[in-house]
$ cat entry_32.pdb   # PDB, C-alpha atoms and all ligand atoms
ATOM      1  CA  MET A   1      -8.287  10.990 -17.379
ATOM      2  CA  GLN A   2      -7.607  14.728 -17.325
ATOM      3  CA  GLN A   3     -10.087  15.163 -14.475
ATOM      4  CA  GLN A   4      -8.504  12.253 -12.636
ATOM      5  CA  ALA A   5      -5.084  13.820 -12.986
ATOM      6  CA  GLU A   6      -6.351  17.103 -11.617
ATOM      7  CA  ASP A   7      -7.998  15.377  -8.664
ATOM      8  CA  LEU A   8      -4.791  13.547  -7.943
ATOM      9  CA  ILE A   9      -2.768  16.747  -8.003
ATOM     10  CA  LYS A  10      -5.291  18.266  -5.578
ATOM     11  CA  VAL A  11      -4.848  15.371  -3.181
ATOM     12  CA  LEU A  12      -1.070  15.694  -3.260
ATOM     13  CA  LYS A  13      -1.264  19.426  -2.720
ATOM     14  CA  SER A  14      -3.775  19.090   0.108
ATOM     15  CA  LYS A  15      -1.123  17.085   1.957
ATOM     16  CA  GLY A  16       1.357  19.879   1.501
ATOM     17  CA  LEU A  17       3.405  17.956  -1.024
ATOM     18  CA  ARG A  18       5.163  19.646  -3.867
ATOM     19  CA  VAL A  19       3.844  17.863  -6.938
ATOM     20  CA  THR A  20       6.704  16.410  -8.934
ATOM     21  CA  PRO A  21       6.257  14.183 -11.989
ATOM     22  CA  GLN A  22       7.743  11.286 -10.028
ATOM     23  CA  ARG A  23       5.436  11.641  -7.052
ATOM     24  CA  PHE A  24       2.505  12.002  -9.378
ATOM     25  CA  SER A  25       3.288   8.947 -11.469
ATOM     26  CA  VAL A  26       4.197   6.743  -8.504
ATOM     27  CA  TYR A  27       0.969   7.628  -6.711
ATOM     28  CA  ALA A  28      -1.095   7.268  -9.890
ATOM     29  CA  ASN A  29       0.443   3.862 -10.477
ATOM     30  CA  LEU A  30      -0.294   2.680  -6.937
ATOM     31  CA  LEU A  31      -3.881   3.860  -7.106
ATOM     32  CA  THR A  32      -4.602   1.677 -10.131
ATOM     33  CA  ARG A  33      -3.359  -1.572  -8.637
ATOM     34  CA  TYR A  34      -4.312  -3.746  -5.714
ATOM     35  CA  ASP A  35      -1.403  -6.170  -5.736
ATOM     36  CA  HIS A  36       0.772  -4.369  -3.178
ATOM     37  CA  PRO A  37       3.803  -3.957  -5.427
ATOM     38  CA  THR A  38       7.402  -3.519  -4.364
ATOM     39  CA  ALA A  39       9.290  -0.383  -5.334
ATOM     40  CA  ASP A  40      10.989  -2.354  -8.109
ATOM     41  CA  GLN A  41       7.662  -3.471  -9.534
ATOM     42  CA  ILE A  42       6.452   0.119  -9.581
ATOM     43  CA  LEU A  43       9.694   1.170 -11.230
ATOM     44  CA  SER A  44       9.451  -1.390 -14.016
ATOM     45  CA  ASP A  45       5.809  -0.467 -14.570
ATOM     46  CA  LEU A  46       6.672   3.207 -14.892
ATOM     47  CA  ASN A  47       9.596   2.547 -17.167
ATOM     48  CA  GLN A  48       7.390   0.635 -19.543
ATOM     49  CA  GLN A  49       5.441   3.808 -20.116
ATOM     50  CA  ALA A  50       8.479   6.049 -20.399
ATOM     51  CA  PRO A  51      11.951   4.936 -19.320
ATOM     52  CA  THR A  52      12.769   7.927 -17.188
ATOM     53  CA  SER A  53      12.464   6.731 -13.621
ATOM     54  CA  SER A  54      15.316   5.520 -11.499
ATOM     55  CA  GLN A  55      15.145   3.399  -8.391
ATOM     56  CA  ALA A  56      16.245   6.353  -6.269
ATOM     57  CA  THR A  57      13.486   8.635  -7.522
ATOM     58  CA  VAL A  58      10.827   5.966  -7.016
ATOM     59  CA  TYR A  59      12.051   5.350  -3.478
ATOM     60  CA  SER A  60      12.110   9.004  -2.596
ATOM     61  CA  ALA A  61       8.647   9.530  -4.086
ATOM     62  CA  LEU A  62       7.339   6.598  -2.037
ATOM     63  CA  GLN A  63       8.994   8.002   1.049
ATOM     64  CA  ALA A  64       7.356  11.407   0.562
ATOM     65  CA  LEU A  65       3.949   9.835  -0.077
ATOM     66  CA  ARG A  66       4.321   7.660   2.987
ATOM     67  CA  GLU A  67       5.263  10.549   5.243
ATOM     68  CA  VAL A  68       2.034  12.377   4.450
ATOM     69  CA  GLY A  69      -0.062   9.252   4.852
ATOM     70  CA  LEU A  70      -1.123   8.655   1.256
ATOM     71  CA  VAL A  71       0.752   5.393   0.970
ATOM     72  CA  ARG A  72       1.584   2.739   3.518
ATOM     73  CA  GLU A  73       4.166   0.042   3.724
ATOM     74  CA  VAL A  74       3.052  -3.546   3.919
ATOM     75  CA  LEU A  75       5.597  -5.850   5.499
ATOM     76  CA  LEU A  76       4.417  -9.426   5.345
ATOM     77  CA  GLU A  77       7.576 -11.115   4.132
ATOM     78  CA  GLU A  78      10.959 -10.826   5.678
ATOM     79  CA  GLY A  79      13.014  -8.224   3.879
ATOM     80  CA  VAL A  80      10.326  -7.353   1.336
ATOM     81  CA  CYS A  81       8.641  -4.000   1.526
ATOM     82  CA  ARG A  82       5.450  -3.595  -0.457
ATOM     83  CA  TYR A  83       3.332  -0.517  -0.911
ATOM     84  CA  ASP A  84      -0.383   0.105  -0.660
ATOM     85  CA  ALA A  85      -2.352   3.211  -1.618
ATOM     86  CA  ASN A  86      -5.297   1.895   0.365
ATOM     87  CA  VAL A  87      -4.648   3.644   3.661
ATOM     88  CA  ASP A  88      -8.050   2.887   5.166
ATOM     89  CA  ARG A  89      -7.917   0.211   7.830
ATOM     90  CA  HIS A  90      -7.996  -3.235   6.323
ATOM     91  CA  HIS A  91      -6.577  -6.694   6.761
ATOM     92  CA  HIS A  92      -4.446  -8.727   4.378
ATOM     93  CA  PHE A  93      -4.492 -12.185   2.908
ATOM     94  CA  ARG A  94      -1.194 -13.644   1.747
ATOM     95  CA  CYS A  95      -0.864 -16.639  -0.554
ATOM     96  CA  ARG A  96       1.943 -18.911   0.551
ATOM     97  CA  CYS A  97       2.401 -20.293  -2.972
ATOM     98  CA  CYS A  98       2.697 -17.196  -5.161
ATOM     99  CA  GLY A  99       3.090 -14.526  -2.496
ATOM    100  CA  ALA A 100       0.078 -12.549  -3.719
ATOM    101  CA  ILE A 101      -1.329 -10.137  -1.154
ATOM    102  CA  LYS A 102      -4.979  -9.160  -1.203
ATOM    103  CA  ASP A 103      -7.037  -6.784   0.879
ATOM    104  CA  ILE A 104      -9.689  -7.974   3.296
ATOM    105  CA  PRO A 105     -12.289  -5.390   4.374
ATOM    106  CA  TRP A 106     -11.858  -4.155   7.921
ATOM    107  CA  ASP A 107     -15.348  -5.264   8.986
ATOM    108  CA  ALA A 108     -14.841  -8.823   7.730
ATOM    109  CA  PHE A 109     -13.875  -9.889  11.245
ATOM    110  CA  GLU A 110     -15.210  -9.128  14.652
ATOM    111  CA  ARG A 111     -13.326  -6.508  16.562
ATOM    112  CA  VAL A 112     -10.380  -7.686  18.562
ATOM    113  CA  ASN A 113     -10.692  -6.836  22.230
ATOM    114  CA  LEU A 114      -7.426  -5.086  22.954
ATOM    115  CA  ASN A 115      -8.334  -4.829  26.633
ATOM    116  CA  ARG A 116      -7.397  -8.476  26.937
ATOM    117  CA  LEU A 117      -3.777  -7.837  26.163
ATOM    118  CA  PRO A 118      -1.327  -9.013  28.793
ATOM    119  CA  PRO A 119      -0.317  -6.250  31.176
ATOM    120  CA  GLY A 120       2.458  -3.961  30.036
ATOM    121  CA  MET A 121       1.431  -3.880  26.396
ATOM    122  CA  GLN A 122      -0.025  -0.658  25.146
ATOM    123  CA  ALA A 123      -1.825  -1.224  21.876
ATOM    124  CA  GLU A 124      -1.772   1.365  19.124
ATOM    125  CA  SER A 125      -3.078  -0.573  16.169
ATOM    126  CA  TYR A 126      -3.505  -4.065  14.866
ATOM    127  CA  GLU A 127      -4.466  -5.856  11.733
ATOM    128  CA  VAL A 128      -5.030  -9.457  10.806
ATOM    129  CA  THR A 129      -2.883 -11.297   8.286
ATOM    130  CA  VAL A 130      -4.511 -14.431   6.923
ATOM    131  CA  HIS A 131      -2.103 -16.959   5.422
ATOM    132  CA  GLY A 132      -3.363 -19.437   2.869
ATOM    133  CA  VAL A 133      -3.628 -20.311  -0.791
ATOM    134  CA  CYS A 134      -5.200 -17.968  -3.333
ATOM    135  CA  ASP A 135      -7.733 -19.030  -5.964
ATOM    136  CA  ARG A 136      -5.126 -19.091  -8.735
ATOM    137  CA  CYS A 137      -2.929 -21.511  -6.795
ATOM    138  CA  GLN A 138      -5.597 -23.851  -5.450
TER     139      GLN A 138
HETATM  140 ZN    ZN B 201      -1.322 -17.805  -4.998
HETATM  141 ZN    ZN B 202      -3.689  -3.651   1.463
END
$ encode --input "entry_32.pdb" --output "structure tokens"
Amino acid sequence: MQQQAEDLIKVLKSKGLRVTPQRFSVYANLLTRYDHPTADQILSDLNQQAPTSSQATVYSALQALREVGLVREVLLEEGVCRYDANVDRHHHFRCRCCGAIKDIPWDAFERVNLNRLPPGMQAESYEVTVHGVCDRCQ
């Protein structure tokens, strides 16, 4: 655990971030979960360990982590912003019953040919979102 903490601090520093307890704990929390939590879910998780975090500090920590590319936003529902510490390219599966979001490896699908886009569209990135029902809801 100690080694893990030191590695994590190194990663934050390598991105030029000042390491604050909030940034550290938010990033550590995100790295241990794969459920793409909202800021509120991270907050309640952190406050179970030690009730010191506020919504504002969690949001600003997420913002800082996002700006340096350690965390990304996942927007698959209207008005709901979720966070992902997996910043490698990947796709998402979303369960329409419980709303669970799971990662799909990038190479699970054949490459999309972006040259076939209609004229006037300049592609920068894409990812696939698969909608369906997860194994818990089937
Ligand atoms: Zn489900
Ligand atoms: Zn993801």
$ residues_around --input "entry_32.pdb" --residues "Phe109 in chain A" --least-positions-apart "2" --cutoff "12 Å" --atoms "all atoms listed in the file" --output "list in words"
His90, His91, His92, Ile104, Pro105, Trp106, Asp107, Arg111, Val112, Asn113, Glu127, Val128, Thr129 and Val130 of chain A
$ atom_distance --input "entry_32.pdb" --atom1 "CA of Pro21 in chain A" --atom2 "CA of Ala85 in chain A"
17.4 Å
$ residues_near_ligand --input "entry_32.pdb" --ligand "ligand ZN 201 (chain B)" --cutoff "12 Å" --atoms "only C-alpha atoms and all ligand atoms" --output "PyMOL selection string"
chain A and resi 35+93-102+131-138
$ write_last_selection --input "entry_32.pdb" --atoms "C-alpha atoms" --output "CSV table (one decimal), in the coordinates of the input"
chain,number,residue,atom,x,y,z
A,35,ASP,CA,-1.4,-6.2,-5.7
A,93,PHE,CA,-4.5,-12.2,2.9
A,94,ARG,CA,-1.2,-13.6,1.7
A,95,CYS,CA,-0.9,-16.6,-0.6
A,96,ARG,CA,1.9,-18.9,0.6
A,97,CYS,CA,2.4,-20.3,-3.0
A,98,CYS,CA,2.7,-17.2,-5.2
A,99,GLY,CA,3.1,-14.5,-2.5
A,100,ALA,CA,0.1,-12.5,-3.7
A,101,ILE,CA,-1.3,-10.1,-1.2
A,102,LYS,CA,-5.0,-9.2,-1.2
A,131,HIS,CA,-2.1,-17.0,5.4
A,132,GLY,CA,-3.4,-19.4,2.9
A,133,VAL,CA,-3.6,-20.3,-0.8
A,134,CYS,CA,-5.2,-18.0,-3.3
A,135,ASP,CA,-7.7,-19.0,-6.0
A,136,ARG,CA,-5.1,-19.1,-8.7
A,137,CYS,CA,-2.9,-21.5,-6.8
A,138,GLN,CA,-5.6,-23.9,-5.4
$ residues_near_point --input "entry_32.pdb" --point "(0.3, 17.0, 1.6)" --cutoff "10 Å" --atoms "all atoms listed in the file" --output "PyMOL selection string"
chain A and resi 10-19+64-65+67-70
$ atom_distance --input "entry_32.pdb" --atom1 "CA of Val58 in chain A" --atom2 "CA of Arg23 in chain A"
7.8 Å
$ closest_residue --input "entry_32.pdb" --among "A:Thr38, A:Ile9, A:Glu73, A:Gln55" --to "ligand ZN 202 (chain B)" --atoms "only C-alpha atoms and all ligand atoms"
A:Glu73
$ atom_distance --input "entry_32.pdb" --atom1 "CA of Asn29 in chain A" --atom2 "CA of Glu124 in chain A"
29.8 Å
$ residues_near_ligand --input "entry_32.pdb" --ligand "ligand ZN 202 (chain B)" --cutoff "6 Å" --atoms "only C-alpha atoms and all ligand atoms" --output "VMD selection string"
chain A and resid 84 86 92 103
$ axis_aligned_box --input "entry_32.pdb" --around "range 68-81 of chain A" --padding-each-side "3 Å" --output "lines of an AutoDock Vina configuration file"
center_x = 5.9
center_y = 0.6
center_z = 3.3
size_x = 20.1
size_y = 29.5
size_z = 10.7
$ residues_around --input "entry_32.pdb" --residues "Gln22 in chain A" --least-positions-apart "6" --cutoff "10 Å" --atoms "all atoms listed in the file" --output "list in words"
Ala28, Leu46, Thr52, Ser53, Ser54, Thr57, Val58, Tyr59, Ser60, Ala61 and Leu62 of chain A
$ closest_residue --input "entry_32.pdb" --among "A:Gln4, A:Tyr27, A:Asn115, A:Ile42" --to "Arg82 in chain A" --atoms "all atoms listed in the file"
A:Ile42
$ closest_residue --input "entry_32.pdb" --among "A:Leu76, A:Cys81, A:Leu8, A:Leu117" --to "Gln41 in chain A" --atoms "all atoms listed in the file"
A:Cys81
$ closest_residue --input "entry_32.pdb" --among "A:Ala56, A:Gln49, A:Phe24, A:Arg72" --to "Pro37 in chain A" --atoms "all atoms listed in the file"
A:Arg72
